[in-house]
Amino acid sequence: MKKRIIAALMAGVLMISLTGCQKSTPKPGSIAGYDKGEQYLSIWVHSIEDTDEGRCYREAVNAFNKAYDGKYFADIEFIPRNDSGGGYSDKINASVMSGDLPDVLTVDGPNIAAYAENGIIQPLAKMTEKEKSVYLKSIIEQGTYNNKLYALGAMESSVGLYYNKEILDEAGIQVPDADHPWTQSQFLEVLKKLKPIMDKKNGYALDMTFPVGEATIYYYAPFFWSNGGDLTDKTGLTVDGIFNSKQNIKTVSYFKTLLKQKYMSKVPIDSLFESGRAAFKIDGAWEVNTLYTSYPDVSFGVAPYVVGDEWNGEQYAPTGSWAFAASSKTKHIKGATELVKWMSGVESGKRLWEKSKSFPSTYEAYESIDVFKKDKNYKELYYQLSKYGHPRPKTPAYPQVSTSFQQVLENSVLSGYDAKEQLDKSVERIDAKLKRYKTK
Amino acid sequence: MGMAFFGPALILLTLFLFLPMILTLIFSFTDFLALNPGLTHFVGLDNYFQILKDDDFRQAFGNTLKFVIIIVPLQSIGALVLALLINKVAYCKTYFKVAFFIPVVMSLAVVSTLWVQIYSPEGILNSILAHVGIHAQPFINSASQALPSIAIMSAWQGMGYQMLIFLGGLQQINPALYEAAEMDHASNWQKFKDITLPELKPLCIFVFITVTIGAFRMLVQPMVMTGGGPSHSTYTMVYDIYETGTVNWEIGLASTMAIVFAFFVMVLTVIQTIVTKDKEGTKHVNKKAKAF
């Protein structure tokens, strides 16, 4: 009796675990719209369906199924994530282990290298130069690893150096045009001029912080790139002598100067710029929409991102966002590539802009959206993005590079540790994570 | 028949507790990377040596210890004081009980978000300090103040629970003991020291151990409030395990940290139980009270 009960229970558990983990491909007719003769393609996105972004993806998939009726059928699944990408990436990790990856999935730009290096995603089917030329240069660069195109983004992003027009007028400061940005030394002079004015307003010339998370490397890596430095080498596997280079020490000292001269606050103060107590703010492109809708009284503009003193027109501005890629498990790379192209295409980008104000990833989308021609601020950001966009480091140890970058700035600028020592320590940390890729 | 009742629990426990525990132990000897499980090798004790050398892990370890040292006395004594006060109050007893217990009911993530505002450079707390003539403090934005600030908040949040335990204990004490003490003209302090404390001793041990273990698990507060910063000053062991396992994908290394962490907490709990045990294993008898 006892044994039989146990056996029955065990069998039950086994059944549950088998049916729960192994997701078989649905049969035609089992899902509305999936007809006989169509190629089934599953797709995962990092968003909740009941959000603006989620609805855009749903609409895009519906449109895909309509356009490719009789050929492909895409089945979308929404997987929520938190700020740092957890939840979604946990699901991916678990599926890598159980072998249940979908045909197409979304990847955050900086993670493309790690996913490609570890064989989670595979290169897309061959695309013609014409097909590629639809996308912004930065999108193609972000999706390329080891000279192969792995991913295409539906949206792009950038960071702006926002300025308060009234304060700059008061100080008599002229903002340069996009091709002649302030150099770091010139910017110091500007801040020096602004300091007495901002002191009177009980504020700071610059509203900037080094928050924990992805924002710090995203906002401030351009200061390093345009100053002759880099974070990893071209292969993404070497950091010694690059991450801790002389140029980078110089750039860290530049940030130290900003704090020492009291051009920025040591502790983050809420809405310093929005309340008119800061002359400049460095923040993502979404800030434009926030200012328009929540702070209509603030009269602001977008200045070109500050460059290094020796800058010579190289690409340096922040870019990068989530992208679509084909998983290594898909047997239908052609269909998956079609789906990736569709999801990241012009219509998809336009829809995302309309609903969630994310920047599109194709030239045509920008051309067709009025705001990018008429609104001066959006125009500036688009120009900076399309001409000077620089992808974040492409290395399989990206998470460690990002955390280390933030720690270096926080430790040396805010807590006063030695810059070289901090950079060296980071190199050690990143190298430890890169070891497994080097021995291959 | 017993198996029919016990069976389901056993299977679930095996699936979700014992199996993961064993797997964690096995993973701790491998270089398991979540992105590439196929390339896993056994690396022996390498991971253990690696975390011993790891500055971040050592700092996280130190921070956790520091946090425990601050919060355990703060929360235990605070809870006792609150219980004593409520026990004395004649009016609105229930109101106070509920008021002090509300933070326990609230989610730690919500409480942390609220306190970010309270601790912010131009927040409520700094406004109050300004009125008293104290300069604005950076609180969670400074490497030296962040951990104590979080400890104070956590103690405030958790105190209500231990307060209720103490309150229950206080009401169990025989009033005759206090009456006898009053006849002997014992002072309030003497009454507390010789009657209340010894009577509450078993509860004290329980509170002490649960608060300690709870404090070791601290993760939500720094995650929400500081992200482990500034300069890693609020980076705890559990946070390091989380970051290593889910952000850097290194399940093998994270498993090693988890094993070391679990082992340490176990050893500490054993030491605590031995130290706080009644001497000679005698039954709990209040000798002084008996003498009255």
# chains A, B, ... in the order shown; residues from 1 in each chain; ligands from 1
$ residues_around --residues "A:Asn65" --least-positions-apart "2" --cutoff "10 Å" --atoms "only C-alpha atoms" --output "ChimeraX atom specification"
/A:33-34,38,59-63,67-75,339
$ residues_around --residues "stretch 411-427 of chain A" --least-positions-apart "5" --cutoff "7 Å" --atoms "only C-alpha atoms" --output "PDB file with N, CA and C atoms, in the first residue's frame"
ATOM      1  N   VAL A 239      41.789  44.071 -21.352  1.00  0.00           N
ATOM      2  CA  VAL A 239      41.523  45.357 -20.729  1.00  0.00           C
ATOM      3  C   VAL A 239      42.792  45.982 -20.146  1.00  0.00           C
ATOM      4  N   ASP A 240      43.777  45.144 -19.821  1.00  0.00           N
ATOM      5  CA  ASP A 240      44.991  45.679 -19.188  1.00  0.00           C
ATOM      6  C   ASP A 240      45.691  46.632 -20.150  1.00  0.00           C
ATOM      7  N   PHE A 243      41.827  49.805 -20.124  1.00  0.00           N
ATOM      8  CA  PHE A 243      40.908  50.308 -19.097  1.00  0.00           C
ATOM      9  C   PHE A 243      41.671  51.206 -18.110  1.00  0.00           C
ATOM     10  N   ASN A 244      42.920  50.830 -17.832  1.00  0.00           N
ATOM     11  CA  ASN A 244      43.702  51.604 -16.863  1.00  0.00           C
ATOM     12  C   ASN A 244      44.768  52.461 -17.548  1.00  0.00           C
ATOM     13  N   ILE A 249      43.053  57.705 -16.736  1.00  0.00           N
ATOM     14  CA  ILE A 249      43.372  58.330 -15.446  1.00  0.00           C
ATOM     15  C   ILE A 249      43.106  59.827 -15.543  1.00  0.00           C
ATOM     16  N   VAL A 252      39.349  60.476 -15.392  1.00  0.00           N
ATOM     17  CA  VAL A 252      38.825  60.371 -14.031  1.00  0.00           C
ATOM     18  C   VAL A 252      39.187  61.629 -13.245  1.00  0.00           C
ATOM     19  N   PHE A 255      36.791  64.441 -13.809  1.00  0.00           N
ATOM     20  CA  PHE A 255      35.577  64.390 -12.990  1.00  0.00           C
ATOM     21  C   PHE A 255      35.879  64.823 -11.556  1.00  0.00           C
ATOM     22  N   LYS A 256      37.085  64.463 -11.097  1.00  0.00           N
ATOM     23  CA  LYS A 256      37.471  64.883  -9.745  1.00  0.00           C
ATOM     24  C   LYS A 256      37.483  66.403  -9.650  1.00  0.00           C
ATOM     25  N   LYS A 266      27.966  66.627  -4.384  1.00  0.00           N
ATOM     26  CA  LYS A 266      28.518  65.325  -4.030  1.00  0.00           C
ATOM     27  C   LYS A 266      27.402  64.304  -3.805  1.00  0.00           C
ATOM     28  N   SER A 404      32.404  47.859 -12.819  1.00  0.00           N
ATOM     29  CA  SER A 404      33.706  48.406 -12.453  1.00  0.00           C
ATOM     30  C   SER A 404      33.794  49.886 -12.821  1.00  0.00           C
TER      31      SER A 404
ATOM     32  N   SER B 231      30.654  53.459  -2.637  1.00  0.00           N
ATOM     33  CA  SER B 231      31.930  52.757  -2.523  1.00  0.00           C
ATOM     34  C   SER B 231      31.781  51.425  -1.814  1.00  0.00           C
TER      35      SER B 231
END
$ closest_atom_pairs --of "chain A" --to "chain B" --cutoff "6 Å" --atoms "only C-alpha atoms" --output "JSON lines"
{"residue": "A:Asn93", "atom": "CA", "partner": "B:Ala34", "partner_atom": "CA", "distance": 5.6}
{"residue": "A:Asn118", "atom": "CA", "partner": "B:Asn36", "partner_atom": "CA", "distance": 5.6}
{"residue": "A:Val212", "atom": "CA", "partner": "B:Gly227", "partner_atom": "CA", "distance": 5.7}
{"residue": "A:Val267", "atom": "CA", "partner": "B:Asn141", "partner_atom": "CA", "distance": 5.9}
{"residue": "A:Pro399", "atom": "CA", "partner": "B:Asn248", "partner_atom": "CA", "distance": 5.9}
{"residue": "A:Asn411", "atom": "CA", "partner": "B:Ser231", "partner_atom": "CA", "distance": 5.2}
$ select_by_dssp --residues "stretch 74-265 of chain B" --states "alpha helix (DSSP H)" --output "PyMOL selection string"
chain B and resi 74-88+93-105+108-119+124-132+146-172+175-183+188-191+197-216+220-225+237-242+251-265
$ write_last_selection --atoms "C-alpha atoms" --output "compact mmCIF listing (two decimals), in the first residue's frame"
# COMPACT_ATOMS: atom_id res chain seq x y z
CA LEU B 74 19.51 48.20 18.60
CA GLN B 75 16.53 46.15 17.56
CA SER B 76 16.45 43.80 20.58
CA ILE B 77 16.82 46.52 23.20
CA GLY B 78 14.50 48.84 21.27
CA ALA B 79 11.83 46.15 21.16
CA LEU B 80 12.21 45.51 24.89
CA VAL B 81 11.93 49.22 25.71
CA LEU B 82 8.83 49.58 23.57
CA ALA B 83 7.25 46.53 25.23
CA LEU B 84 7.99 47.90 28.70
CA LEU B 85 6.53 51.29 27.80
CA ILE B 86 3.37 49.84 26.32
CA ASN B 87 3.00 47.58 29.32
CA LYS B 88 3.02 50.68 31.54
CA LYS B 93 -2.66 50.44 24.59
CA THR B 94 -4.01 48.90 21.40
CA TYR B 95 -3.31 52.07 19.47
CA PHE B 96 0.36 52.03 20.41
CA LYS B 97 0.63 48.32 19.77
CA VAL B 98 -0.76 48.74 16.27
CA ALA B 99 1.26 51.88 15.61
CA PHE B 100 4.55 50.17 16.43
CA PHE B 101 3.56 47.04 14.55
CA ILE B 102 2.54 48.69 11.28
CA PRO B 103 6.09 48.93 9.83
CA VAL B 104 6.45 45.15 10.21
CA VAL B 105 3.41 44.60 8.05
CA LEU B 108 10.57 46.10 3.18
CA ALA B 109 10.86 47.44 -0.35
CA VAL B 110 8.14 50.02 0.33
CA VAL B 111 9.69 51.03 3.64
CA SER B 112 13.09 51.42 1.94
CA THR B 113 11.64 53.63 -0.78
CA LEU B 114 9.99 55.81 1.85
CA TRP B 115 13.21 56.17 3.79
CA VAL B 116 15.13 57.15 0.67
CA GLN B 117 12.94 60.24 0.72
CA ILE B 118 13.35 60.75 4.46
CA TYR B 119 17.16 60.46 4.18
CA ILE B 124 12.39 65.57 5.99
CA LEU B 125 15.13 64.45 8.33
CA ASN B 126 17.59 67.09 7.13
CA SER B 127 14.88 69.77 7.39
CA ILE B 128 14.27 68.79 11.00
CA LEU B 129 18.02 68.78 11.71
CA ALA B 130 18.30 72.24 10.17
CA HIS B 131 15.76 73.56 12.68
CA VAL B 132 17.86 72.21 15.53
CA ALA B 146 25.13 54.66 4.80
CA LEU B 147 25.34 51.38 6.73
CA PRO B 148 24.32 52.82 10.13
CA SER B 149 21.49 54.73 8.43
CA ILE B 150 20.17 51.55 6.89
CA ALA B 151 20.60 49.71 10.21
CA ILE B 152 18.52 52.31 12.05
CA MET B 153 15.79 52.11 9.45
CA SER B 154 15.80 48.31 9.53
CA ALA B 155 15.63 48.26 13.32
CA TRP B 156 12.67 50.62 13.21
CA GLN B 157 10.99 48.44 10.65
CA GLY B 158 11.49 45.11 12.40
CA MET B 159 11.19 46.14 16.04
CA GLY B 160 7.41 45.80 16.28
CA TYR B 161 7.52 42.05 15.84
CA GLN B 162 9.95 41.43 18.71
CA MET B 163 8.03 43.97 20.78
CA LEU B 164 4.92 41.80 20.57
CA ILE B 165 6.94 38.76 21.67
CA PHE B 166 8.30 40.64 24.68
CA LEU B 167 4.87 42.02 25.48
CA GLY B 168 3.48 38.52 25.61
CA GLY B 169 6.33 37.55 27.92
CA LEU B 170 5.77 40.52 30.20
CA GLN B 171 2.14 39.65 30.67
CA GLN B 172 3.12 36.14 31.70
CA PRO B 175 2.38 40.03 39.50
CA ALA B 176 2.96 38.55 42.95
CA LEU B 177 6.70 38.83 42.31
CA TYR B 178 6.43 42.61 41.86
CA GLU B 179 4.14 42.94 44.90
CA ALA B 180 6.66 41.09 47.03
CA ALA B 181 9.44 43.32 45.71
CA GLU B 182 7.47 46.44 46.55
CA MET B 183 7.08 45.26 50.13
CA ASN B 188 12.22 50.24 39.75
CA TRP B 189 15.67 49.38 38.41
CA GLN B 190 16.00 46.52 40.87
CA LYS B 191 12.61 45.20 39.90
CA LEU B 197 14.97 40.42 32.85
CA PRO B 198 15.45 36.93 34.33
CA GLU B 199 11.82 36.08 33.63
CA LEU B 200 12.22 37.17 29.99
CA LYS B 201 15.53 35.41 29.45
CA PRO B 202 14.30 32.56 27.23
CA LEU B 203 12.50 35.07 25.06
CA CYS B 204 15.60 37.24 24.90
CA ILE B 205 17.60 34.33 23.52
CA PHE B 206 14.96 33.61 20.91
CA VAL B 207 14.79 37.26 19.85
CA PHE B 208 18.57 37.54 19.80
CA ILE B 209 19.02 34.56 17.49
CA THR B 210 16.18 35.41 15.11
CA VAL B 211 17.30 39.02 14.77
CA THR B 212 20.87 37.90 14.09
CA ILE B 213 19.90 35.48 11.36
CA GLY B 214 17.52 38.02 9.85
CA ALA B 215 20.27 40.63 9.84
CA PHE B 216 22.66 38.31 8.02
CA VAL B 220 16.44 44.45 0.08
CA GLN B 221 17.44 47.68 1.83
CA PRO B 222 20.76 48.29 0.04
CA MET B 223 19.30 47.06 -3.23
CA VAL B 224 16.51 49.63 -3.12
CA MET B 225 18.30 52.46 -1.32
CA MET B 237 27.09 38.94 1.37
CA VAL B 238 23.67 38.07 0.02
CA TYR B 239 23.94 41.00 -2.39
CA ASP B 240 27.27 39.69 -3.62
CA ILE B 241 25.77 36.23 -4.13
CA TYR B 242 22.93 37.77 -6.11
CA ILE B 251 26.47 30.30 -10.80
CA GLY B 252 29.49 28.25 -9.72
CA LEU B 253 31.15 31.10 -7.86
CA ALA B 254 27.84 32.28 -6.39
CA SER B 255 27.17 28.77 -5.09
CA THR B 256 30.52 28.79 -3.33
CA MET B 257 29.65 32.09 -1.68
CA ALA B 258 26.28 30.72 -0.61
CA ILE B 259 27.91 27.65 0.94
CA VAL B 260 30.44 29.77 2.85
CA PHE B 261 27.66 32.08 3.98
CA ALA B 262 25.41 29.25 5.16
CA PHE B 263 28.29 27.59 6.98
CA PHE B 264 29.20 30.82 8.73
CA VAL B 265 25.64 31.51 9.89
$ closest_residue --among "A:Pro304, A:Pro123, A:Gly320, A:Gly54" --to "A:Ala215" --atoms "only C-alpha atoms"
A:Gly320
$ select_by_dssp --residues "stretch 71-306 of chain A" --states "strand (DSSP E)" --output "ChimeraX atom specification"
/A:72-78,104-108,121-122,144-145,148-149,151-153,155-156,159-164,204-207,278-284,300-303
$ closest_residue --among "A:Glu141, A:Val96, A:Asn289, A:Gln315" --to "A:Ile120" --atoms "only C-alpha atoms"
A:Val96
$ closest_residue --among "A:Ser30, A:Glu428, A:Lys374, A:Leu231" --to "B:Lys53" --atoms "only C-alpha atoms"
A:Glu428
$ residues_around --residues "A:Met127" --least-positions-apart "5" --cutoff "12 Å" --atoms "only C-alpha atoms" --output "list in words"
Lys132, Ser133, Val134, Tyr135, Ile140, Lys148, Leu149, Tyr150, Ala151, Leu152, Lys334, Thr337, Glu338, Val340 and Lys341 of chain A
$ residues_around --residues "stretch 348-351 of chain A" --least-positions-apart "4" --cutoff "8 Å" --atoms "only C-alpha atoms" --output "PDB file with N, CA and C atoms, in the first residue's frame"
ATOM      1  N   CYS A  56       2.969  47.753 -28.392  1.00  0.00           N
ATOM      2  CA  CYS A  56       3.640  47.955 -29.679  1.00  0.00           C
ATOM      3  C   CYS A  56       4.123  46.625 -30.245  1.00  0.00           C
ATOM      4  N   TYR A  57       4.741  45.807 -29.370  1.00  0.00           N
ATOM      5  CA  TYR A  57       5.252  44.519 -29.837  1.00  0.00           C
ATOM      6  C   TYR A  57       4.109  43.628 -30.298  1.00  0.00           C
ATOM      7  N   ALA A  60       2.998  44.789 -33.627  1.00  0.00           N
ATOM      8  CA  ALA A  60       3.990  44.462 -34.651  1.00  0.00           C
ATOM      9  C   ALA A  60       3.886  42.995 -35.054  1.00  0.00           C
ATOM     10  N   ALA A 154      15.002  47.682 -32.321  1.00  0.00           N
ATOM     11  CA  ALA A 154      13.801  48.398 -32.747  1.00  0.00           C
ATOM     12  C   ALA A 154      13.867  49.833 -32.291  1.00  0.00           C
ATOM     13  N   MET A 155      14.692  50.071 -31.293  1.00  0.00           N
ATOM     14  CA  MET A 155      14.803  51.434 -30.801  1.00  0.00           C
ATOM     15  C   MET A 155      16.260  51.776 -30.544  1.00  0.00           C
ATOM     16  N   TRP A 342      11.480  42.515 -39.302  1.00  0.00           N
ATOM     17  CA  TRP A 342      10.158  43.130 -39.197  1.00  0.00           C
ATOM     18  C   TRP A 342      10.009  43.869 -37.862  1.00  0.00           C
ATOM     19  N   MET A 343      10.401  43.192 -36.781  1.00  0.00           N
ATOM     20  CA  MET A 343      10.222  43.769 -35.447  1.00  0.00           C
ATOM     21  C   MET A 343      11.070  45.030 -35.252  1.00  0.00           C
ATOM     22  N   SER A 344      12.197  45.108 -35.968  1.00  0.00           N
ATOM     23  CA  SER A 344      13.066  46.265 -35.787  1.00  0.00           C
ATOM     24  C   SER A 344      12.897  47.257 -36.940  1.00  0.00           C
ATOM     25  N   LYS A 355       3.978  55.590 -29.233  1.00  0.00           N
ATOM     26  CA  LYS A 355       3.384  55.130 -27.981  1.00  0.00           C
ATOM     27  C   LYS A 355       4.288  55.386 -26.785  1.00  0.00           C
ATOM     28  N   PHE A 359      13.310  56.348 -29.219  1.00  0.00           N
ATOM     29  CA  PHE A 359      13.847  56.745 -30.518  1.00  0.00           C
ATOM     30  C   PHE A 359      13.830  55.557 -31.478  1.00  0.00           C
ATOM     31  N   PRO A 360      13.433  55.779 -32.740  1.00  0.00           N
ATOM     32  CA  PRO A 360      13.451  54.681 -33.718  1.00  0.00           C
ATOM     33  C   PRO A 360      14.875  54.300 -34.116  1.00  0.00           C
ATOM     34  N   SER A 361      14.984  53.192 -34.872  1.00  0.00           N
ATOM     35  CA  SER A 361      16.315  52.699 -35.221  1.00  0.00           C
ATOM     36  C   SER A 361      16.607  52.815 -36.713  1.00  0.00           C
ATOM     37  N   THR A 362      15.667  53.350 -37.488  1.00  0.00           N
ATOM     38  CA  THR A 362      15.887  53.436 -38.929  1.00  0.00           C
ATOM     39  C   THR A 362      15.825  54.887 -39.403  1.00  0.00           C
ATOM     40  N   ALA A 365      12.307  56.090 -40.487  1.00  0.00           N
ATOM     41  CA  ALA A 365      11.386  56.438 -39.411  1.00  0.00           C
ATOM     42  C   ALA A 365      11.615  57.876 -38.958  1.00  0.00           C
ATOM     43  N   ILE A 369       8.924  61.140 -39.139  1.00  0.00           N
ATOM     44  CA  ILE A 369       8.352  61.707 -37.909  1.00  0.00           C
ATOM     45  C   ILE A 369       8.678  63.193 -37.870  1.00  0.00           C
TER      46      ILE A 369
END
$ residues_around --residues "A:Ser185" --least-positions-apart "4" --cutoff "9 Å" --atoms "only C-alpha atoms" --output "PDB file with C-alpha atoms, in the first residue's frame"
ATOM      1  CA  GLU A 189      35.714  77.627 -18.255  1.00  0.00           C
ATOM      2  CA  VAL A 190      31.959  77.695 -18.881  1.00  0.00           C
ATOM      3  CA  GLY A 308      38.131  65.602 -25.073  1.00  0.00           C
ATOM      4  CA  ASP A 309      40.644  68.349 -25.852  1.00  0.00           C
TER       5      ASP A 309
END
$ residues_around --residues "A:Ser275" --least-positions-apart "6" --cutoff "10 Å" --atoms "only C-alpha atoms" --output "number ranges by chain"
A: 203, 295, 297-298
$ decode --residues "stretch 27-48 of chain A" --atoms "C-alpha atoms" --output "mmCIF file, in the first residue's frame"
data_model
loop_
_atom_site.group_PDB
_atom_site.id
_atom_site.type_symbol
_atom_site.label_atom_id
_atom_site.label_comp_id
_atom_site.auth_asym_id
_atom_site.auth_seq_id
_atom_site.Cartn_x
_atom_site.Cartn_y
_atom_site.Cartn_z
ATOM 1 C CA LYS A 27 0.186 22.320 -33.846
ATOM 2 C CA PRO A 28 -1.485 24.363 -36.587
ATOM 3 C CA GLY A 29 -4.970 25.383 -35.538
ATOM 4 C CA SER A 30 -4.209 25.208 -31.812
ATOM 5 C CA ILE A 31 -3.578 28.981 -31.750
ATOM 6 C CA ALA A 32 -5.849 31.471 -33.454
ATOM 7 C CA GLY A 33 -4.249 32.515 -36.726
ATOM 8 C CA TYR A 34 -1.762 29.660 -36.959
ATOM 9 C CA ASP A 35 -2.754 27.783 -40.102
ATOM 10 C CA LYS A 36 -1.471 24.695 -41.832
ATOM 11 C CA GLY A 37 1.620 25.194 -43.938
ATOM 12 C CA GLU A 38 2.847 28.140 -41.888
ATOM 13 C CA GLN A 39 6.262 28.185 -40.243
ATOM 14 C CA TYR A 40 5.840 28.544 -36.476
ATOM 15 C CA LEU A 41 8.189 31.107 -34.873
ATOM 16 C CA SER A 42 8.187 31.821 -31.147
ATOM 17 C CA ILE A 43 9.389 35.197 -29.899
ATOM 18 C CA TRP A 44 10.116 36.488 -26.385
ATOM 19 C CA VAL A 45 10.134 40.137 -25.399
ATOM 20 C CA HIS A 46 11.352 41.766 -22.183
ATOM 21 C CA SER A 47 8.170 43.618 -21.383
ATOM 22 C CA ILE A 48 4.691 43.286 -19.922
#
